[in-house]
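Here is run25.cif, consisting of mmCIF, C-alpha atoms:
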```
data_target
#
loop_
_atom_site.label_atom_id
_atom_site.label_comp_id
_atom_site.auth_asym_id
_atom_site.auth_seq_id
_atom_site.Cartn_x
_atom_site.Cartn_y
_atom_site.Cartn_z
CA MET A 1 -131.62 -52.91 -93.81
CA LYS A 2 -131.30 -49.52 -92.18
CA ILE A 3 -128.02 -47.79 -92.66
CA THR A 4 -127.01 -45.39 -89.91
CA PRO A 5 -124.76 -42.67 -91.28
CA ALA A 6 -121.39 -42.56 -89.57
CA THR A 7 -120.66 -39.45 -87.60
CA GLN A 8 -117.25 -38.04 -87.07
CA GLU A 9 -116.28 -35.67 -84.31
CA GLN A 10 -113.57 -33.13 -84.58
CA VAL A 11 -112.33 -30.62 -82.01
CA VAL A 12 -111.39 -27.39 -83.75
CA SER A 13 -109.10 -25.00 -81.89
CA VAL A 14 -110.27 -21.42 -82.49
CA GLN A 15 -108.55 -19.24 -79.82
CA ARG A 16 -110.33 -16.11 -80.90
CA ASP A 17 -111.78 -13.23 -78.92
CA VAL A 18 -115.57 -13.28 -79.25
CA ARG A 19 -115.52 -9.46 -79.34
CA ALA A 20 -112.73 -9.24 -81.93
CA GLU A 21 -115.03 -8.31 -84.80
CA ARG A 22 -116.82 -5.65 -82.78
CA ARG A 23 -113.51 -4.20 -81.63
CA ALA A 24 -112.30 -4.05 -85.21
CA ALA A 25 -115.53 -2.31 -86.28
CA ALA A 26 -115.18 0.17 -83.40
CA GLU A 27 -111.57 0.87 -84.35
CA SER A 28 -112.53 1.45 -87.96
CA PHE A 29 -115.33 3.86 -86.94
CA ARG A 30 -112.89 5.74 -84.67
CA ARG A 31 -110.38 6.01 -87.52
CA ARG A 32 -113.04 7.34 -89.88
CA MET A 33 -114.07 9.96 -87.31
CA SER A 34 -110.44 10.92 -86.62
CA ALA A 35 -109.76 11.35 -90.32
CA GLN A 36 -112.61 13.85 -90.67
CA GLY A 37 -111.62 15.70 -87.47
CA THR A 38 -114.50 14.52 -85.30
CA LEU A 39 -113.87 13.88 -81.62
CA VAL A 40 -116.28 11.17 -80.43
CA VAL A 41 -117.20 11.53 -76.77
CA ARG A 42 -119.36 8.88 -75.14
CA LEU A 43 -121.10 9.51 -71.84
CA ILE A 44 -121.99 6.66 -69.51
CA SER A 45 -123.59 6.84 -66.05
CA SER A 46 -126.36 5.54 -63.82
CA PRO A 47 -129.85 6.74 -64.78
CA GLY A 48 -130.41 10.31 -63.67
CA ALA A 49 -126.76 11.27 -63.11
CA GLY A 50 -127.12 14.35 -65.30
CA LYS A 51 -125.74 13.29 -68.69
CA THR A 52 -128.37 15.16 -70.68
CA SER A 53 -128.10 18.34 -68.57
CA LEU A 54 -124.34 18.25 -68.98
CA LEU A 55 -124.71 17.81 -72.74
CA GLU A 56 -127.18 20.70 -72.97
CA LYS A 57 -124.71 23.07 -71.32
CA THR A 58 -121.73 21.63 -73.20
CA ALA A 59 -123.40 21.85 -76.61
CA GLN A 60 -124.56 25.38 -75.82
CA ARG A 61 -120.95 26.41 -75.14
CA LEU A 62 -119.30 24.62 -78.06
CA GLN A 63 -121.90 25.15 -80.78
CA GLY A 64 -121.10 28.12 -82.97
CA PRO A 65 -117.34 28.04 -83.17
CA PHE A 66 -117.66 24.27 -83.46
CA ARG A 67 -120.08 21.87 -85.10
CA VAL A 68 -121.71 19.61 -82.54
CA GLY A 69 -123.90 16.52 -83.04
CA VAL A 70 -125.59 14.40 -80.39
CA LEU A 71 -126.92 10.85 -80.34
CA VAL A 72 -128.87 9.84 -77.25
CA GLY A 73 -129.68 6.29 -76.24
CA ASP A 74 -132.64 5.40 -74.08
CA ILE A 75 -134.85 2.39 -73.68
CA GLU A 76 -137.94 4.43 -74.54
CA THR A 77 -139.08 8.01 -75.38
CA GLU A 78 -137.61 10.82 -77.49
CA ARG A 79 -137.42 13.26 -74.57
CA ASP A 80 -133.67 13.67 -74.37
CA ALA A 81 -133.24 14.37 -78.08
CA LEU A 82 -136.01 16.96 -77.91
CA ARG A 83 -134.24 18.69 -75.03
CA LEU A 84 -130.91 18.65 -76.86
CA ALA A 85 -132.33 19.75 -80.21
CA ALA A 86 -132.38 23.32 -78.88
CA TYR A 87 -128.57 23.30 -78.89
CA ALA A 88 -127.40 20.87 -81.58
CA PRO A 89 -128.64 18.39 -84.20
CA SER A 90 -129.79 15.47 -82.06
CA LYS A 91 -131.18 12.03 -82.70
CA GLN A 92 -132.68 9.66 -80.19
CA ILE A 93 -131.80 5.97 -80.40
CA THR A 94 -134.47 3.95 -78.61
CA THR A 95 -133.15 0.51 -77.85
CA GLY A 96 -136.58 -0.99 -77.08
CA GLY A 97 -135.42 -2.70 -73.92
CA ALA A 98 -131.73 -3.25 -74.60
CA CYS A 99 -129.48 -2.08 -71.80
CA HIS A 100 -126.74 -0.44 -73.87
CA LEU A 101 -125.97 1.02 -77.30
CA GLU A 102 -124.09 -0.92 -79.94
CA LEU A 103 -122.14 0.44 -82.88
CA PRO A 104 -124.59 -0.69 -85.62
CA LEU A 105 -127.32 1.34 -83.86
CA VAL A 106 -125.06 4.38 -83.80
CA GLU A 107 -124.13 4.01 -87.47
CA ARG A 108 -127.78 3.64 -88.42
CA ALA A 109 -128.79 6.78 -86.49
CA LEU A 110 -125.95 8.99 -87.67
CA PRO A 111 -127.35 9.91 -91.13
CA ALA A 112 -130.37 11.48 -89.37
CA LEU A 113 -128.02 14.23 -88.16
CA GLY A 114 -127.25 15.23 -91.75
CA ASP A 115 -123.64 15.95 -92.62
CA ASP A 116 -121.74 14.05 -89.91
CA ARG A 117 -118.48 16.00 -90.22
CA PHE A 118 -118.85 17.40 -86.72
CA ASP A 119 -116.08 18.69 -84.52
CA PHE A 120 -117.72 16.95 -81.60
CA LEU A 121 -120.01 13.94 -81.75
CA PHE A 122 -121.47 13.19 -78.32
CA ILE A 123 -123.04 9.80 -77.70
CA GLU A 124 -125.11 9.49 -74.55
CA ASP A 125 -125.48 5.82 -73.68
CA VAL A 126 -128.40 4.21 -71.85
CA GLY A 127 -128.24 4.97 -68.11
CA ASN A 128 -126.50 1.88 -66.77
CA LEU A 129 -123.04 1.39 -65.27
CA ILE A 130 -122.72 -2.28 -66.14
CA CYS A 131 -123.41 -3.23 -69.75
CA PRO A 132 -122.08 -0.14 -71.59
CA ALA A 133 -118.68 -0.76 -69.96
CA SER A 134 -118.27 -3.98 -71.95
CA HIS A 135 -119.11 -2.53 -75.38
CA GLU A 136 -117.10 -0.19 -77.55
CA LEU A 137 -118.83 2.31 -79.79
CA GLY A 138 -115.70 3.63 -81.45
CA GLU A 139 -115.42 6.58 -79.09
CA HIS A 140 -112.22 8.53 -78.51
CA LEU A 141 -113.20 9.39 -74.96
CA ARG A 142 -115.35 7.45 -72.54
CA VAL A 143 -116.63 9.81 -69.88
CA LEU A 144 -118.28 8.48 -66.74
CA VAL A 145 -120.68 10.95 -65.13
CA LEU A 146 -121.03 10.32 -61.38
CA SER A 147 -123.52 12.45 -59.49
CA VAL A 148 -122.91 13.20 -55.83
CA THR A 149 -126.37 11.92 -54.91
CA GLU A 150 -125.42 8.39 -55.99
CA GLY A 151 -122.91 7.92 -53.18
CA ASP A 152 -119.13 7.84 -53.10
CA ASP A 153 -118.95 4.03 -53.14
CA LYS A 154 -119.68 3.63 -56.86
CA PRO A 155 -116.10 3.15 -58.12
CA GLY A 156 -115.76 0.04 -55.95
CA LYS A 157 -119.16 -1.27 -57.00
CA TYR A 158 -118.79 -0.73 -60.74
CA PRO A 159 -115.04 -1.17 -61.31
CA LYS A 160 -115.34 -2.11 -64.98
CA ALA A 161 -117.06 1.17 -65.86
CA PHE A 162 -114.37 3.19 -64.05
CA ARG A 163 -111.49 1.09 -65.36
CA THR A 164 -112.53 1.54 -69.00
CA SER A 165 -113.22 5.29 -68.77
CA GLN A 166 -110.63 7.99 -69.28
CA VAL A 167 -112.61 10.78 -67.64
CA VAL A 168 -114.86 11.02 -64.59
CA VAL A 169 -117.17 14.01 -64.30
CA LEU A 170 -118.49 14.51 -60.80
CA SER A 171 -121.87 16.13 -61.37
CA LYS A 172 -124.47 17.97 -59.24
CA THR A 173 -121.77 19.39 -56.97
CA ASP A 174 -124.23 22.12 -55.90
CA LEU A 175 -125.84 19.37 -53.78
CA LEU A 176 -122.65 18.50 -51.91
CA PRO A 177 -123.65 20.42 -48.77
CA TYR A 178 -126.78 18.28 -48.47
CA VAL A 179 -125.52 14.75 -49.12
CA PRO A 180 -122.97 12.54 -47.36
CA PHE A 181 -120.58 12.29 -50.29
CA SER A 182 -116.82 12.36 -49.83
CA VAL A 183 -115.21 13.67 -53.01
CA GLU A 184 -111.83 12.51 -51.69
CA ARG A 185 -113.03 8.97 -51.11
CA ALA A 186 -114.71 8.70 -54.51
CA LEU A 187 -111.61 10.03 -56.26
CA ALA A 188 -109.23 7.79 -54.33
CA ASP A 189 -111.36 4.71 -55.02
CA ALA A 190 -111.71 5.58 -58.70
CA ARG A 191 -107.95 6.14 -59.03
CA GLN A 192 -107.26 2.75 -57.51
CA VAL A 193 -109.26 1.18 -60.30
CA GLN A 194 -107.92 3.51 -63.01
CA PRO A 195 -104.90 5.66 -62.09
CA GLN A 196 -104.98 7.53 -65.42
CA LEU A 197 -108.43 9.05 -64.87
CA THR A 198 -108.93 12.76 -65.49
CA PHE A 199 -111.44 14.38 -63.10
CA PHE A 200 -113.85 17.25 -63.41
CA SER A 201 -116.31 18.47 -60.76
CA LEU A 202 -119.18 20.55 -61.95
CA SER A 203 -122.75 21.64 -61.56
CA SER A 204 -124.69 21.93 -64.80
CA LEU A 205 -127.53 23.65 -62.96
CA ARG A 206 -125.34 26.39 -61.47
CA GLU A 207 -123.01 26.34 -64.48
CA ASP A 208 -120.00 25.84 -62.23
CA GLY A 209 -116.91 24.06 -63.52
CA LEU A 210 -118.09 23.88 -67.13
CA ASP A 211 -115.27 26.03 -68.50
CA ALA A 212 -112.51 23.59 -67.48
CA TRP A 213 -114.50 20.68 -68.91
CA CYS A 214 -115.12 22.44 -72.25
CA GLU A 215 -111.49 23.54 -72.39
CA PHE A 216 -110.42 19.92 -71.97
CA LEU A 217 -112.76 18.84 -74.79
CA ARG A 218 -111.44 21.59 -77.10
CA ALA A 219 -107.86 20.47 -76.41
CA ARG A 220 -108.71 16.83 -77.16
CA HIS A 221 -110.45 17.91 -80.38
CA ALA A 222 -107.42 19.94 -81.43
CA GLU A 223 -105.28 16.89 -80.79
CA VAL A 224 -107.46 14.68 -82.99
CA VAL A 225 -107.37 17.28 -85.78
CA ALA A 226 -103.59 17.64 -85.54
CA THR A 227 -102.53 14.04 -84.98
CA GLY A 228 -105.54 11.82 -85.74
CA ARG A 229 -105.28 10.55 -82.17
CA CYS A 230 -106.58 11.44 -78.76
CA SER A 231 -104.73 10.98 -75.49
CA PRO A 232 -105.02 9.10 -73.31
CA GLN A 233 -105.66 6.31 -75.75
CA PHE A 234 -108.98 4.59 -75.47
CA LEU A 235 -108.80 1.82 -72.89
CA SER A 236 -110.29 -1.30 -74.35
CA GLY A 237 -112.77 -3.34 -72.38
CA MET B 1 -128.06 -8.50 -69.78
CA HIS B 2 -125.59 -7.78 -72.57
CA GLU B 3 -124.65 -11.47 -72.42
CA PHE B 4 -127.38 -12.13 -75.01
CA SER B 5 -125.74 -9.76 -77.43
CA LEU B 6 -122.36 -11.42 -76.92
CA VAL B 7 -123.85 -14.88 -77.38
CA ARG B 8 -125.20 -13.69 -80.71
CA ALA B 9 -121.65 -12.85 -81.82
CA LEU B 10 -120.45 -16.20 -80.48
CA LEU B 11 -123.13 -18.14 -82.36
CA GLU B 12 -122.25 -16.35 -85.58
CA GLN B 13 -118.64 -17.46 -85.21
CA ILE B 14 -119.69 -21.05 -84.53
CA ALA B 15 -122.02 -21.08 -87.56
CA GLN B 16 -119.23 -19.76 -89.80
CA LEU B 17 -116.83 -22.37 -88.51
CA ALA B 18 -119.34 -25.21 -88.94
CA SER B 19 -120.03 -24.14 -92.49
CA ARG B 20 -116.33 -23.87 -93.32
CA GLU B 21 -115.68 -27.35 -91.91
CA HIS B 22 -118.81 -28.83 -93.54
CA ALA B 23 -120.10 -29.88 -90.14
CA THR B 24 -123.74 -30.61 -89.45
CA ARG B 25 -123.71 -29.55 -85.83
CA ALA B 26 -121.60 -28.40 -82.92
CA THR B 27 -121.69 -30.63 -79.86
CA GLY B 28 -119.32 -28.73 -77.61
CA VAL B 29 -118.12 -25.16 -77.17
CA SER B 30 -115.43 -24.06 -74.75
CA LEU B 31 -114.86 -20.48 -73.69
CA SER B 32 -112.47 -18.77 -71.35
CA VAL B 33 -114.09 -15.91 -69.51
CA GLY B 34 -111.98 -13.40 -67.63
CA GLU B 35 -113.01 -12.37 -64.15
CA PHE B 36 -112.96 -8.75 -65.36
CA SER B 37 -114.44 -9.36 -68.82
CA GLY B 38 -117.70 -7.74 -67.77
CA VAL B 39 -119.45 -11.02 -68.54
CA ASP B 40 -121.29 -13.14 -66.02
CA ALA B 41 -120.65 -16.85 -66.63
CA ASP B 42 -124.07 -17.98 -65.37
CA LEU B 43 -125.91 -15.42 -67.50
CA LEU B 44 -123.78 -16.50 -70.44
CA GLN B 45 -124.89 -20.13 -69.94
CA LEU B 46 -128.51 -19.02 -69.78
CA ALA B 47 -128.21 -16.82 -72.86
CA PHE B 48 -126.47 -19.61 -74.76
CA ALA B 49 -129.15 -22.17 -73.88
CA GLN B 50 -131.89 -19.84 -75.10
CA SER B 51 -130.23 -18.30 -78.13
CA SER B 52 -128.69 -21.45 -79.58
CA GLU B 53 -132.09 -22.99 -80.23
CA GLY B 54 -132.52 -23.63 -83.94
CA THR B 55 -128.80 -23.10 -84.68
CA VAL B 56 -126.04 -25.67 -85.33
CA ALA B 57 -125.06 -25.30 -81.67
CA GLN B 58 -128.53 -26.18 -80.36
CA ASP B 59 -127.45 -29.20 -78.31
CA ALA B 60 -123.88 -28.14 -77.66
CA THR B 61 -122.46 -28.25 -74.16
CA LEU B 62 -120.95 -24.91 -73.20
CA THR B 63 -117.89 -25.26 -71.00
CA ILE B 64 -116.64 -22.09 -69.33
CA ARG B 65 -113.16 -21.73 -67.90
CA ARG B 66 -112.91 -18.75 -65.57
CA VAL B 67 -109.69 -16.78 -65.76
CA PRO B 68 -108.61 -14.78 -62.69
CA LEU B 69 -107.53 -11.15 -63.07
CA GLU B 70 -103.76 -10.75 -63.14
CA ALA B 71 -101.44 -7.87 -63.93
CA ARG B 72 -97.78 -7.12 -64.48
CA CYS B 73 -95.86 -4.17 -63.12
CA PRO B 74 -93.76 -2.47 -65.83
CA SER B 75 -91.48 -0.95 -63.15
CA CYS B 76 -90.44 -4.05 -61.19
CA GLN B 77 -91.70 -6.75 -63.59
CA SER B 78 -93.58 -8.63 -60.88
CA GLU B 79 -96.78 -10.42 -61.81
CA PHE B 80 -99.64 -10.55 -59.34
CA PRO B 81 -103.36 -11.25 -58.94
CA VAL B 82 -105.47 -8.08 -58.81
CA VAL B 83 -107.41 -8.29 -55.56
CA GLY B 84 -110.39 -6.04 -54.84
CA TYR B 85 -109.85 -4.22 -58.17
CA ARG B 86 -106.78 -2.46 -56.80
CA PHE B 87 -104.77 -1.92 -59.95
CA GLN B 88 -101.57 -1.28 -58.06
CA CYS B 89 -98.33 -3.22 -57.76
CA PRO B 90 -98.20 -4.91 -54.33
CA ALA B 91 -94.39 -5.09 -54.54
CA CYS B 92 -93.41 -1.52 -55.46
CA ASP B 93 -96.72 0.41 -55.23
CA ALA B 94 -96.56 1.51 -58.88
CA SER B 95 -100.02 2.34 -60.16
CA GLU B 96 -99.52 1.99 -63.90
CA VAL B 97 -99.92 -1.74 -64.18
CA VAL B 98 -100.71 -3.79 -67.26
CA VAL B 99 -103.46 -6.39 -67.17
CA ILE B 100 -102.10 -9.66 -68.58
CA ARG B 101 -105.19 -11.82 -68.21
CA GLY B 102 -108.70 -11.71 -66.83
CA GLU B 103 -110.37 -9.33 -69.30
CA GLU B 104 -110.80 -11.79 -72.13
CA LEU B 105 -113.74 -13.60 -73.63
CA ILE B 106 -112.14 -16.22 -75.85
CA LEU B 107 -113.69 -18.91 -77.94
CA GLU B 108 -111.18 -21.69 -77.32
CA THR B 109 -112.52 -24.77 -79.12
CA VAL B 110 -115.60 -26.00 -80.91
CA THR B 111 -116.38 -29.70 -81.21
CA LEU B 112 -117.97 -30.29 -84.59
CA GLU B 113 -119.83 -33.28 -85.86
CA ARG B 114 -119.83 -34.32 -89.47
CA THR B 115 -122.24 -36.89 -90.83
CA GLU B 116 -120.78 -39.06 -93.53
CA GLY B 117 -122.76 -40.88 -96.12
#
```
Could you render the structure from this file as structure tokens?
Amino acid sequence: MKITPATQEQVVSVQRDVRAERRAAAESFRRRMSAQGTLVVRLISSPGAGKTSLLEKTAQRLQGPFRVGVLVGDIETERDALRLAAYAPSKQITTGGACHLELPLVERALPALGDDRFDFLFIEDVGNLICPASHELGEHLRVLVLSVTEGDDKPGKYPKAFRTSQVVVLSKTDLLPYVPFSVERALADARQVQPQLTFFSLSSLREDGLDAWCEFLRARHAEVVATGRCSPQFLSG
Amino acid sequence: MHEFSLVRALLEQIAQLASREHATRATGVSLSVGEFSGVDADLLQLAFAQSSEGTVAQDATLTIRRVPLEARCPSCQSEFPVVGYRFQCPACDASEVVVIRGEELILETVTLERTEG
């Protein structure tokens, strides 16, 4: 006689955020960085918006009086880290096809920079305005770099990326005379999605507008050193 | 396609739960997915079908409840659906509104099967 084992079904109520663990890990990384006086700034953008050029000029200005470290994410190649190494300890994170960085990748890469007690740790994410918006890396500031050649309709097309950023840097402004880009329209659309956004317009190539941007970063760093927090608070998402 | 990475986190939670409850497999999983969670429900289904292979949730049916994006205005207390990603109060025009639902990705229930004997 064949005995069929009885099966019992049970519906278990979980009610838990799938990203809860990742958020907790990101919060703990942010706290560790705050405690050692490191401001973590993450840059997100479309490919080719000028993140690396902006970081070159920013690191050049901050390095010296401040300790700067850079992690750069890309699907392939070490090119960005090689460019940045001229200005600050830099490490490339190649994701091998993945569309965004995740915190374990960042934590694994960090020891390659040596002593990580930086004043500024910049993390350049993979060029992509979709996936990075849904993942936290434990940054204090999420900065969206929008180049004028991309078009002024991006805030409406990628609302999640704009909603979860605290800062928008409008880049390549030296090209404004040549492209149909309305700064007003882009700003108004972005503010509709996230009214608390702070804006900077700059040209890394012409070195225009970099002083205000670096001043803002220094003020946020001073705030983290003094209070362990950075305003505006990171907007989860 | 970050849905694959999120499904990995989801499958870990299901495996932990199954082990805690001494279950042999999961036959059903229900999720609520906010309209503004940054997650595409169809891609999530696809990622789940592919990634669950060889796990306790291999044959589980994934049910997704979509949650519309809604906010509350701290000034006038009205609650409203956010249309066209305009995070602005339609009643009093205040722009500092608080999202109350629509950004979540919640594992609601898991149906577990236990074999006895």
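Each of A:Lys57, A:Arg31, A:Arg23, A:Lys157 was compared to Tyr85 (chain B) using all atoms listed in the file, and A:Lys157 turns out to be the nearest.
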Skipping near chain neighbours, those fewer than 5 positions away, what residues fall within 8 Å of region 100-104 of chain A using all atoms listed in the file, listed as a list in words?
->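 Skipping anything fewer than 5 positions along the chain leaves Ala25, Ala26, Gly73, Thr95, Asp125, Val126, Asn128, Cys131, Pro132, His135, Glu136, Leu137 and Gly138 of chain A; His2 of chain B.
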Output of the above residues as a short mmCIF file (atom, residue, chain, number, x, y, z; two decimals), keeping the file's coordinate frame, restricted to C-alpha atoms:
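So again.cif came out as:
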```
data_model
loop_
_atom_site.label_atom_id
_atom_site.label_comp_id
_atom_site.auth_asym_id
_atom_site.auth_seq_id
_atom_site.Cartn_x
_atom_site.Cartn_y
_atom_site.Cartn_z
CA ALA A 25 -115.53 -2.31 -86.28
CA ALA A 26 -115.18 0.17 -83.40
CA GLY A 73 -129.68 6.29 -76.24
CA THR A 95 -133.15 0.51 -77.85
CA ASP A 125 -125.48 5.82 -73.68
CA VAL A 126 -128.40 4.21 -71.85
CA ASN A 128 -126.50 1.88 -66.77
CA CYS A 131 -123.41 -3.23 -69.75
CA PRO A 132 -122.08 -0.14 -71.59
CA HIS A 135 -119.11 -2.53 -75.38
CA GLU A 136 -117.10 -0.19 -77.55
CA LEU A 137 -118.83 2.31 -79.79
CA GLY A 138 -115.70 3.63 -81.45
CA HIS B 2 -125.59 -7.78 -72.57
#
```
Counting all atoms listed in the file, what are the residues of chain B within 9 Å of chain A, and for each of them which pair of atoms is the nearest and at what distance in Å, to one decimal? Sort the table by chain and rising number, as JSON lines.
```
{"residue": "B:Met1", "atom": "CA", "partner": "A:Cys99", "partner_atom": "CA", "distance": 6.9}
{"residue": "B:His2", "atom": "CA", "partner": "A:Cys131", "partner_atom": "CA", "distance": 5.8}
{"residue": "B:Glu3", "atom": "CA", "partner": "A:Cys131", "partner_atom": "CA", "distance": 8.8}
{"residue": "B:Leu6", "atom": "CA", "partner": "A:Val18", "partner_atom": "CA", "distance": 7.4}
{"residue": "B:Val7", "atom": "CA", "partner": "A:Val18", "partner_atom": "CA", "distance": 8.6}
{"residue": "B:Ala9", "atom": "CA", "partner": "A:Val18", "partner_atom": "CA", "distance": 6.6}
{"residue": "B:Leu10", "atom": "CA", "partner": "A:Val18", "partner_atom": "CA", "distance": 5.8}
{"residue": "B:Gln13", "atom": "CA", "partner": "A:Val18", "partner_atom": "CA", "distance": 7.9}
{"residue": "B:Leu17", "atom": "CA", "partner": "A:Val12", "partner_atom": "CA", "distance": 8.8}
{"residue": "B:Thr27", "atom": "CA", "partner": "A:Glu9", "partner_atom": "CA", "distance": 8.6}
{"residue": "B:Gly28", "atom": "CA", "partner": "A:Val11", "partner_atom": "CA", "distance": 8.5}
{"residue": "B:Leu31", "atom": "CA", "partner": "A:Gln15", "partner_atom": "CA", "distance": 8.9}
{"residue": "B:Phe36", "atom": "CA", "partner": "A:Lys160", "partner_atom": "CA", "distance": 7.1}
{"residue": "B:Ser37", "atom": "CA", "partner": "A:Gly237", "partner_atom": "CA", "distance": 7.2}
{"residue": "B:Gly38", "atom": "CA", "partner": "A:Ser134", "partner_atom": "CA", "distance": 5.7}
{"residue": "B:Val39", "atom": "CA", "partner": "A:Ser134", "partner_atom": "CA", "distance": 7.9}
{"residue": "B:Gly84", "atom": "CA", "partner": "A:Gly156", "partner_atom": "CA", "distance": 8.2}
{"residue": "B:Tyr85", "atom": "CA", "partner": "A:Val193", "partner_atom": "CA", "distance": 5.8}
{"residue": "B:Arg86", "atom": "CA", "partner": "A:Gln192", "partner_atom": "CA", "distance": 5.3}
{"residue": "B:Phe87", "atom": "CA", "partner": "A:Val193", "partner_atom": "CA", "distance": 5.5}
{"residue": "B:Gln88", "atom": "CA", "partner": "A:Gln192", "partner_atom": "CA", "distance": 7.0}
{"residue": "B:Ser95", "atom": "CA", "partner": "A:Pro195", "partner_atom": "CA", "distance": 6.2}
{"residue": "B:Glu96", "atom": "CA", "partner": "A:Pro195", "partner_atom": "CA", "distance": 6.8}
{"residue": "B:Glu103", "atom": "CA", "partner": "A:Gly237", "partner_atom": "CA", "distance": 7.2}
{"residue": "B:Glu104", "atom": "CA", "partner": "A:Asp17", "partner_atom": "CA", "distance": 7.0}
{"residue": "B:Leu105", "atom": "CA", "partner": "A:Asp17", "partner_atom": "CA", "distance": 5.7}
{"residue": "B:Ile106", "atom": "CA", "partner": "A:Asp17", "partner_atom": "CA", "distance": 4.3}
{"residue": "B:Leu107", "atom": "CA", "partner": "A:Arg16", "partner_atom": "CA", "distance": 5.3}
{"residue": "B:Glu108", "atom": "CA", "partner": "A:Gln15", "partner_atom": "CA", "distance": 4.4}
{"residue": "B:Thr109", "atom": "CA", "partner": "A:Ser13", "partner_atom": "CA", "distance": 4.4}
{"residue": "B:Val110", "atom": "CA", "partner": "A:Val12", "partner_atom": "CA", "distance": 5.3}
{"residue": "B:Thr111", "atom": "CA", "partner": "A:Val11", "partner_atom": "CA", "distance": 4.2}
{"residue": "B:Leu112", "atom": "CA", "partner": "A:Gln10", "partner_atom": "CA", "distance": 5.2}
{"residue": "B:Glu113", "atom": "CA", "partner": "A:Glu9", "partner_atom": "CA", "distance": 4.6}
{"residue": "B:Arg114", "atom": "CA", "partner": "A:Gln8", "partner_atom": "CA", "distance": 5.1}
{"residue": "B:Thr115", "atom": "CA", "partner": "A:Thr7", "partner_atom": "CA", "distance": 4.4}
{"residue": "B:Glu116", "atom": "CA", "partner": "A:Ala6", "partner_atom": "CA", "distance": 5.3}
{"residue": "B:Gly117", "atom": "CA", "partner": "A:Pro5", "partner_atom": "CA", "distance": 5.5}
```
Explicit residues for the PyMOL selection byres ((chain B and resi 101) around 6) (as a list in words) |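 For this structure, the PyMOL selection byres ((chain B and resi 101) around 6) resolves to Leu69, Glu70, Val99, Ile100, Gly102 and Glu103 of chain B.
Taking CA of Thr77 (chain A) and CA of Leu129 (chain A) as endpoints, the distance between them is 20.1 Å.
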Exactly which residues make up the result of the PyMOL selection byres ((chain B and resi 81) around 9) on this file, given as a PyMOL selection string?
-> chain B and resi 68-72+79-80+82-83
Would you mind exporting C-alpha atoms of the selected residues as a PDB file, keeping the file's coordinate frame?
```pdb
ATOM      1  CA  PRO B  68    -108.610 -14.780 -62.690  1.00  0.00           C
ATOM      2  CA  LEU B  69    -107.530 -11.150 -63.070  1.00  0.00           C
ATOM      3  CA  GLU B  70    -103.760 -10.750 -63.140  1.00  0.00           C
ATOM      4  CA  ALA B  71    -101.440  -7.870 -63.930  1.00  0.00           C
ATOM      5  CA  ARG B  72     -97.780  -7.120 -64.480  1.00  0.00           C
ATOM      6  CA  GLU B  79     -96.780 -10.420 -61.810  1.00  0.00           C
ATOM      7  CA  PHE B  80     -99.640 -10.550 -59.340  1.00  0.00           C
ATOM      8  CA  VAL B  82    -105.470  -8.080 -58.810  1.00  0.00           C
ATOM      9  CA  VAL B  83    -107.410  -8.290 -55.560  1.00  0.00           C
TER      10      VAL B  83
END
```
Identify all residues satisfying the PyMOL selection byres ((chain B and resi 57-60) around 8) in the given file; provide them as a JSON list (two decimals) with C-alpha atoms, in the coordinates of the input.
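Result written to result_27.json:
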```
[["chain", "number", "residue", "atom", "x", "y", "z"],
["B", 11, "LEU", "CA", -123.13, -18.14, -82.36],
["B", 14, "ILE", "CA", -119.69, -21.05, -84.53],
["B", 15, "ALA", "CA", -122.02, -21.08, -87.56],
["B", 25, "ARG", "CA", -123.71, -29.55, -85.83],
["B", 26, "ALA", "CA", -121.60, -28.40, -82.92],
["B", 27, "THR", "CA", -121.69, -30.63, -79.86],
["B", 28, "GLY", "CA", -119.32, -28.73, -77.61],
["B", 29, "VAL", "CA", -118.12, -25.16, -77.17],
["B", 49, "ALA", "CA", -129.15, -22.17, -73.88],
["B", 52, "SER", "CA", -128.69, -21.45, -79.58],
["B", 53, "GLU", "CA", -132.09, -22.99, -80.23],
["B", 54, "GLY", "CA", -132.52, -23.63, -83.94],
["B", 55, "THR", "CA", -128.80, -23.10, -84.68],
["B", 56, "VAL", "CA", -126.04, -25.67, -85.33],
["B", 61, "THR", "CA", -122.46, -28.25, -74.16],
["B", 62, "LEU", "CA", -120.95, -24.91, -73.20]]
```
List as a short mmCIF file (atom, residue, chain, number, x, y, z; two decimals) with C-alpha atoms, keeping the file's coordinate frame the protein and nucleic acid residues near Ser165 (chain A), meaning an atom at most 6 Å away when all atoms listed in the file are counted, but skip any in the same chain fewer than 3 places from it.
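This went into result_35.cif:
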```cif
data_model
loop_
_atom_site.label_atom_id
_atom_site.label_comp_id
_atom_site.auth_asym_id
_atom_site.auth_seq_id
_atom_site.Cartn_x
_atom_site.Cartn_y
_atom_site.Cartn_z
CA ARG A 142 -115.35 7.45 -72.54
CA VAL A 143 -116.63 9.81 -69.88
CA PHE A 162 -114.37 3.19 -64.05
#
```
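Interatomic distance, CA of Ser231 (chain A) to CA of Arg30 (chain A): 13.4 Å.
The nearest approach to Glu76 (chain A) among the residues A:Gly97, A:Ser90, A:His140, A:Asp115, with all atoms listed in the file taken into account, belongs to A:Gly97.
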What gap, in Å, lies between CA of Lys172 (chain A) and CA of Ser203 (chain A)?
-> 4.7 Å
When distances are computed from all atoms listed in the file, which of A:Val183, A:Leu202, A:Cys230, A:Leu43 shows the smallest separation from Asp153 (chain A)?
->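 Smallest distance to Asp153 (chain A) is found for A:Val183.
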Out of A:Asp174, A:Gly114, A:Gly127, A:Leu210, which residue has the shortest atom-to-atom distance to Ile75 (chain A) when counting only C-alpha atoms?
->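 Going through A:Asp174, A:Gly114, A:Gly127, A:Leu210 one by one, the smallest distance to Ile75 (chain A) is for A:Gly127.
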